[in-house]
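Dropping target_10.tsv in here (TSV, C-alpha atoms):
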chain	number	residue	atom	x	y	z
L	1	MET	CA	3.99	-12.21	14.70
L	2	THR	CA	1.82	-10.90	17.57
L	3	LYS	CA	2.01	-7.30	18.74
L	4	SER	CA	3.79	-8.33	21.95
L	5	PHE	CA	6.35	-10.38	20.06
L	6	LYS	CA	6.68	-7.54	17.57
L	7	ALA	CA	7.52	-5.12	20.36
L	8	ILE	CA	10.32	-7.44	21.49
L	9	ALA	CA	11.44	-7.87	17.91
L	10	LEU	CA	11.66	-4.14	17.31
L	11	ALA	CA	13.70	-3.75	20.45
L	12	THR	CA	16.25	-6.23	19.15
L	13	ALA	CA	16.00	-5.40	15.43
L	14	LEU	CA	19.14	-5.43	13.32
L	15	ILE	CA	19.63	-1.68	12.86
L	16	THR	CA	22.89	-0.13	11.67
L	17	VAL	CA	23.16	3.61	12.10
L	18	SER	CA	25.82	6.20	11.33
L	19	ALA	CA	24.82	9.24	13.41
L	20	SER	CA	26.60	12.41	14.50
L	21	SER	CA	25.01	12.59	17.94
L	22	ALA	CA	22.96	10.59	20.44
L	23	LEU	CA	19.93	12.83	19.82
L	24	ALA	CA	20.17	12.43	16.05
L	25	GLU	CA	20.45	8.66	16.38
L	26	ASP	CA	17.47	8.61	18.72
L	27	LEU	CA	15.22	10.61	16.37
L	28	GLY	CA	16.20	8.57	13.32
L	29	ASP	CA	15.75	5.34	15.23
L	30	ARG	CA	12.35	6.40	16.54
L	31	LEU	CA	11.17	7.38	13.06
L	32	PHE	CA	12.31	4.06	11.61
L	33	ARG	CA	10.60	2.10	14.37
L	34	MET	CA	7.36	3.95	13.72
L	35	PHE	CA	7.54	2.90	10.07
L	36	LEU	CA	8.09	-0.70	11.15
L	37	ASP	CA	5.24	-0.65	13.65
L	38	GLU	CA	2.82	0.98	11.19
L	39	LEU	CA	3.63	-1.11	8.10
L	40	ASP	CA	4.89	-4.40	9.58
L	41	PRO	CA	7.29	-5.21	6.68
L	42	GLN	CA	9.30	-8.41	6.34
L	43	ARG	CA	12.37	-6.40	5.42
L	44	ALA	CA	13.06	-2.67	5.47
L	45	GLN	CA	15.80	-0.15	4.87
L	46	MET	CA	15.68	3.59	5.55
L	47	ILE	CA	18.36	6.07	4.50
L	48	LEU	CA	18.52	9.65	5.77
L	49	SER	CA	20.79	12.32	4.30
L	50	GLU	CA	21.13	13.86	7.74
L	51	PRO	CA	19.47	13.52	11.15
L	52	PRO	CA	15.81	14.57	11.52
L	53	GLU	CA	15.48	18.12	12.84
L	54	GLU	CA	13.82	18.71	16.18
L	55	SER	CA	10.88	20.24	14.28
L	56	GLY	CA	10.34	16.91	12.50
L	57	LEU	CA	11.79	18.01	9.14
L	58	VAL	CA	13.69	15.35	7.19
L	59	LYS	CA	15.70	16.79	4.30
L	60	HIS	CA	16.04	13.62	2.23
L	61	VAL	CA	14.77	10.12	2.94
L	62	TYR	CA	14.73	6.83	1.04
L	63	MET	CA	12.69	3.78	2.05
L	64	ASP	CA	12.81	0.26	0.62
L	65	MET	CA	10.38	-2.26	2.10
L	66	GLU	CA	9.30	-5.81	1.27
L	67	GLY	CA	6.04	-7.32	2.47
L	68	ALA	CA	4.66	-4.10	3.98
L	69	ASN	CA	0.97	-3.89	4.81
L	70	ILE	CA	-0.80	-0.80	3.46
L	71	GLY	CA	-4.53	-0.53	4.09
L	72	GLY	CA	-4.84	-4.29	4.55
L	73	VAL	CA	-3.01	-5.16	1.31
L	74	ARG	CA	0.38	-6.86	1.29
L	75	ILE	CA	2.75	-4.90	-0.96
L	76	ASP	CA	5.45	-7.13	-2.38
L	77	ARG	CA	7.90	-4.24	-2.54
L	78	ILE	CA	7.68	-0.48	-2.26
L	79	THR	CA	10.46	2.08	-2.60
L	80	ILE	CA	9.99	5.77	-1.82
L	81	GLU	CA	12.20	8.83	-1.99
L	82	GLY	CA	11.08	12.02	-0.29
L	83	MET	CA	12.59	15.50	-0.23
L	84	ASP	CA	11.97	18.08	2.49
L	85	VAL	CA	9.51	15.89	4.37
L	86	ALA	CA	7.90	17.65	7.32
L	87	PHE	CA	6.64	15.20	9.94
L	88	THR	CA	4.61	16.07	13.01
L	89	SER	CA	6.69	17.10	16.02
L	90	PRO	CA	8.99	14.33	17.32
L	91	GLU	CA	7.63	15.12	20.78
L	92	THR	CA	4.48	13.24	19.75
L	93	TRP	CA	6.27	10.24	18.19
L	94	GLY	CA	5.49	7.19	20.27
L	95	THR	CA	2.12	8.42	21.50
L	96	GLU	CA	0.91	9.38	18.01
L	97	SER	CA	1.97	8.35	14.51
L	98	ALA	CA	4.60	10.39	12.66
L	99	ASP	CA	2.29	11.94	10.07
L	100	VAL	CA	3.56	13.89	7.09
L	101	THR	CA	2.29	17.49	7.19
L	102	SER	CA	4.02	18.65	3.98
L	103	ILE	CA	6.49	17.35	1.41
L	104	LEU	CA	8.37	19.05	-1.42
L	105	ALA	CA	8.57	16.03	-3.73
L	106	THR	CA	8.12	12.28	-3.61
L	107	ASN	CA	9.00	9.45	-6.00
L	108	ALA	CA	7.73	5.91	-5.55
L	109	VAL	CA	7.43	2.46	-7.10
L	110	ALA	CA	5.11	-0.21	-5.68
L	111	VAL	CA	4.95	-3.85	-6.78
L	112	ILE	CA	1.71	-5.69	-5.94
L	113	LYS	CA	1.24	-9.37	-6.70
L	114	GLU	CA	-2.00	-10.69	-8.15
L	115	GLU	CA	-2.31	-13.20	-5.31
L	116	ASP	CA	-2.02	-10.46	-2.67
L	117	ILE	CA	-4.73	-8.31	-4.27
L	118	ASN	CA	-7.01	-11.37	-4.52
L	119	SER	CA	-6.36	-12.25	-0.90
L	120	HIS	CA	-7.40	-8.71	0.05
L	121	LEU	CA	-10.54	-8.87	-2.11
L	122	LYS	CA	-11.63	-12.13	-0.49
L	123	SER	CA	-11.43	-10.57	2.96
L	124	LYS	CA	-13.27	-7.35	2.05
L	125	GLU	CA	-16.98	-6.65	1.95
L	126	PHE	CA	-18.17	-4.71	-1.12
L	127	GLY	CA	-21.62	-3.37	-0.33
L	128	ASP	CA	-24.40	-3.94	2.20
L	129	ASP	CA	-27.77	-5.17	0.90
L	130	GLU	CA	-26.33	-5.60	-2.59
L	131	LYS	CA	-22.79	-6.90	-2.56
L	132	TRP	CA	-20.04	-8.81	-4.36
L	133	ASN	CA	-18.75	-12.22	-3.35
L	134	ASN	CA	-15.99	-14.49	-4.66
L	135	LEU	CA	-14.46	-11.59	-6.61
L	136	ALA	CA	-11.06	-12.43	-8.13
L	137	LEU	CA	-8.67	-10.84	-10.63
L	138	ASP	CA	-6.50	-12.46	-13.27
L	139	PHE	CA	-3.61	-10.38	-14.68
L	140	SER	CA	-2.10	-10.58	-18.15
L	141	PRO	CA	0.25	-8.13	-19.91
L	142	GLY	CA	-1.61	-4.82	-20.01
L	143	LYS	CA	-4.98	-6.37	-19.10
L	144	VAL	CA	-7.14	-7.43	-16.16
L	145	TYR	CA	-9.90	-10.03	-16.12
L	146	ALA	CA	-12.23	-9.99	-13.13
L	147	LYS	CA	-14.93	-12.44	-12.20
L	148	GLY	CA	-17.34	-12.43	-9.31
L	149	TYR	CA	-20.92	-12.83	-8.16
L	150	TYR	CA	-23.11	-9.85	-7.35
L	151	LEU	CA	-26.00	-10.40	-4.97
L	152	ALA	CA	-28.67	-8.07	-6.35
L	153	ASP	CA	-32.01	-6.96	-4.97
L	154	LEU	CA	-34.55	-7.37	-7.76
L	155	VAL	CA	-38.32	-7.08	-7.67
L	156	LEU	CA	-39.62	-9.66	-5.16
L	157	LEU	CA	-36.39	-11.68	-5.15
L	158	ARG	CA	-32.64	-11.63	-4.71
L	159	LEU	CA	-30.29	-13.08	-7.34
L	160	ASN	CA	-26.61	-13.94	-7.28
L	161	ILE	CA	-25.52	-12.72	-10.71
L	162	LEU	CA	-22.24	-13.76	-12.33
L	163	ILE	CA	-20.41	-10.73	-13.72
L	164	GLU	CA	-17.23	-10.94	-15.80
L	165	ILE	CA	-15.09	-7.89	-16.51
L	166	ASP	CA	-12.41	-7.39	-19.17
L	167	GLY	CA	-10.38	-4.21	-18.82
L	168	THR	CA	-7.20	-2.68	-17.53
L	169	PHE	CA	-5.97	-0.62	-14.58
L	170	LYS	CA	-5.68	3.15	-14.32
L	171	VAL	CA	-4.12	5.32	-11.62
L	172	LYS	CA	-6.39	8.03	-10.23
L	173	GLU	CA	-5.63	10.85	-7.78
L	174	GLY	CA	-2.01	9.70	-7.63
L	175	LYS	CA	-2.76	6.94	-5.13
L	176	GLN	CA	-5.72	4.82	-6.28
L	177	VAL	CA	-5.93	1.95	-8.78
L	178	TRP	CA	-9.23	1.69	-10.69
L	179	LEU	CA	-10.58	-0.75	-13.23
L	180	ASP	CA	-10.73	1.19	-16.50
L	181	ASP	CA	-11.70	0.82	-20.17
L	182	TYR	CA	-13.69	-2.30	-19.31
L	183	THR	CA	-16.50	-4.34	-20.81
L	184	LEU	CA	-19.00	-6.35	-18.77
L	185	LYS	CA	-20.55	-9.72	-19.38
L	186	VAL	CA	-23.55	-10.76	-17.29
L	187	ASN	CA	-24.90	-14.31	-17.14
L	188	ARG	CA	-28.52	-13.11	-17.45
L	189	ALA	CA	-30.07	-11.76	-20.64
L	190	LYS	CA	-31.91	-9.01	-18.78
L	191	VAL	CA	-30.90	-7.14	-15.67
L	192	PRO	CA	-32.43	-3.92	-14.30
L	193	GLU	CA	-31.08	-0.71	-15.76
L	194	GLY	CA	-28.29	0.68	-13.59
L	195	LEU	CA	-27.49	-2.60	-11.85
L	196	THR	CA	-24.06	-3.02	-13.47
L	197	ASP	CA	-23.23	0.63	-12.73
L	198	ARG	CA	-24.11	0.07	-9.07
L	199	ALA	CA	-22.04	-3.10	-9.00
L	200	MET	CA	-18.95	-1.41	-10.47
L	201	ALA	CA	-19.26	1.57	-8.13
L	202	LYS	CA	-19.01	-0.75	-5.13
L	203	ILE	CA	-15.58	-2.16	-6.07
L	204	GLN	CA	-13.87	1.04	-7.18
L	205	PRO	CA	-11.12	1.74	-6.41
L	206	ILE	CA	-9.70	-1.78	-6.51
L	207	LEU	CA	-6.65	-0.60	-4.53
L	208	ASP	CA	-6.19	2.54	-2.43
L	209	LEU	CA	-2.66	3.43	-1.32
L	210	GLY	CA	-3.87	6.66	0.27
L	211	LYS	CA	-3.43	5.12	3.73
L	212	PHE	CA	0.34	5.05	3.27
L	213	MET	CA	2.29	7.38	5.59
L	214	PHE	CA	3.77	9.27	2.63
L	215	PRO	CA	1.53	11.24	0.26
L	216	LEU	CA	2.01	9.37	-3.03
L	217	LYS	CA	1.91	10.89	-6.52
L	218	LEU	CA	1.74	7.82	-8.74
L	219	SER	CA	1.14	8.33	-12.44
L	220	GLY	CA	1.29	4.99	-14.29
L	221	ILE	CA	0.84	1.26	-13.96
L	222	GLU	CA	2.29	-1.76	-15.76
L	223	LEU	CA	0.74	-5.23	-15.75
L	224	ASP	CA	2.24	-8.63	-16.46
L	225	GLU	CA	1.15	-12.22	-15.73
L	226	ASP	CA	1.24	-12.03	-11.96
L	227	ARG	CA	1.93	-8.52	-10.74
L	228	ALA	CA	1.18	-4.84	-11.13
L	229	VAL	CA	3.88	-2.17	-10.92
L	230	VAL	CA	2.63	1.30	-9.97
L	231	LYS	CA	5.09	4.18	-10.24
L	232	SER	CA	5.55	7.93	-10.24
L	233	VAL	CA	6.98	9.86	-13.18
L	234	SER	CA	10.48	9.70	-11.68
L	235	GLU	CA	11.65	6.58	-9.88
L	236	PRO	CA	13.16	6.76	-6.37
L	237	ARG	CA	16.94	6.57	-6.03
L	238	SER	CA	19.05	5.41	-3.12
L	239	PHE	CA	21.92	7.55	-1.83
L	240	GLU	CA	24.74	7.54	0.72
L	241	GLY	CA	23.68	8.49	4.23
L	242	MET	CA	22.51	7.24	7.63
L	243	VAL	CA	21.31	3.67	7.11
L	244	TYR	CA	18.71	1.82	9.19
L	245	GLU	CA	17.91	-1.83	8.42
L	246	TYR	CA	15.44	-4.41	9.64
L	247	ASP	CA	14.94	-8.06	8.72
L	248	ALA	CA	12.10	-9.99	10.36
L	249	GLU	CA	13.77	-13.36	9.75
L	250	THR	CA	16.96	-12.22	11.47
L	251	VAL	CA	14.98	-10.89	14.41
L	252	SER	CA	12.90	-14.08	14.71
L	253	GLY	CA	16.05	-16.15	14.74
L	254	ASP	CA	17.44	-14.07	17.60
L	255	LEU	CA	14.35	-14.43	19.80
Would you write out, as structure tokens, the structure that this file holds?
Amino acid sequence: MTKSFKAIALATALITVSASSALAEDLGDRLFRMFLDELDPQRAQMILSEPPEESGLVKHVYMDMEGANIGGVRIDRITIEGMDVAFTSPETWGTESADVTSILATNAVAVIKEEDINSHLKSKEFGDDEKWNNLALDFSPGKVYAKGYYLADLVLLRLNILIEIDGTFKVKEGKQVWLDDYTLKVNRAKVPEGLTDRAMAKIQPILDLGKFMFPLKLSGIELDEDRAVVKSVSEPRSFEGMVYEYDAETVSGDL
């Protein structure tokens, strides 16, 4: 959907709101629309315990989104619960993004499909003079297999070296996914010392969710045949409150 069509879609989105005042509805609606514009999900639901304050403080919020785009990666599903979330002043919403300035606590679960991570890797450049190409991951329960070619600058020549990686994923800094506990297999008997270290440094982290609007504090990751599930210590929970909903298919059908 193009930006112009998206603007029309957002204006006609299926949004159901229970609000105590016109101002409260307007602030909640504006916040929800900023999430939609920033993350471009296929489906989204936002629940607020009460209207956003004029300072930008949201006491309790729950988000559930499918097909959101975070840092160029499609996230199959992400759910977030935030408590005492302080956004930038609503006066700036619309001209600037609604950034989080502080948050008391946040719980989250993100589901990322193998095919979506691979699609992201194919579109990303890893390195300048020396770089990866045709890098792809293959998930299995608790494990990751990666295979790609690394174009290396050697003495008097450049070689495209096949590198295979067996390992797993690890969450770092509460928002990044790194290859961890891995072994490397190189298709050449001898490679310069440090080459594999340079190659690995160029692809870490494999996934960075730090560009998400909420500060995430993820702690663990589970792998199966076709997806990775990254989660915080406590999982987010829905609650009764002001409900905002959006469905791209419903909007497209109404255009």
Shell around Leu218 in chain L at 10 Å using only C-alpha atoms, local window under 4 positions removed, as a short mmCIF file (atom, residue, chain, number, x, y, z; two decimals) with C-alpha atoms, in the coordinates of the input:
data_model
loop_
_atom_site.label_atom_id
_atom_site.label_comp_id
_atom_site.auth_asym_id
_atom_site.auth_seq_id
_atom_site.Cartn_x
_atom_site.Cartn_y
_atom_site.Cartn_z
CA THR L 106 8.12 12.28 -3.61
CA ASN L 107 9.00 9.45 -6.00
CA ALA L 108 7.73 5.91 -5.55
CA VAL L 109 7.43 2.46 -7.10
CA ALA L 110 5.11 -0.21 -5.68
CA VAL L 171 -4.12 5.32 -11.62
CA LYS L 172 -6.39 8.03 -10.23
CA GLU L 173 -5.63 10.85 -7.78
CA GLY L 174 -2.01 9.70 -7.63
CA LYS L 175 -2.76 6.94 -5.13
CA GLN L 176 -5.72 4.82 -6.28
CA VAL L 177 -5.93 1.95 -8.78
CA LEU L 209 -2.66 3.43 -1.32
CA VAL L 230 2.63 1.30 -9.97
CA LYS L 231 5.09 4.18 -10.24
CA SER L 232 5.55 7.93 -10.24
CA VAL L 233 6.98 9.86 -13.18
CA SER L 234 10.48 9.70 -11.68
#
Need the shell around Asp226 in chain L: protein/DNA/RNA residues with any atom at most 12 Å away, counting only C-alpha atoms. Skip same-chain ones fewer than 2 positions apart. Format as a PyMOL selection string? chain L and resi 76+111-118+137-144+222-224+228-229
Taking (12.5, 6.6, -2.7) in the file's coordinates as the center, which residues reach within 10 Å of it, counting only C-alpha atoms, put as a PyMOL selection string? chain L and resi 46-47+60-64+78-83+106-109+234-239
Pick the closest to Lys217 in chain L from L:Ala146, L:Ile165, L:Leu31, L:Ile103: which is it, counting only C-alpha atoms? L:Ile103
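Going from CA of Tyr182 in chain L to CA of Asn69 in chain L covers 28.3 Å.
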I'd like the contact shell of Glu38 in chain L - 12 Å cut-off, all atoms listed in the file, skipping same-chain residues fewer than 5 positions apart - returned as an NGL selection string. :L and (3 or 6-7 or 10 or 31-33 or 68-72 or 94 or 96-99 or 211-214)
Coordinates-based distance that separates CA of Gly148 in chain L from CA of Asp166 in chain L (Å, one decimal):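 Distance between the two atoms: 12.1 Å.
If you measure from each of L:Arg158, L:Glu249, L:Gly167, L:Val73 to Ser123 in chain L using all atoms listed in the file, the closest one turns out to be L:Val73.
Proximity of L:Leu48, L:Leu27, L:Ala86, L:Leu39 to Arg74 in chain L, computed with all atoms listed in the file, is greatest for L:Leu39.
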Quick one: distance from CA of Ala152 in chain L to CA of Leu195 in chain L in Å, one decimal? 7.8 Å
Need the neighbours of (17.3, -3.2, 6.2): which residues are at most 12 Å away, counting all atoms listed in the file, as number ranges by chain? L: 13-17, 32-33, 36, 41-47, 62-66, 242-251
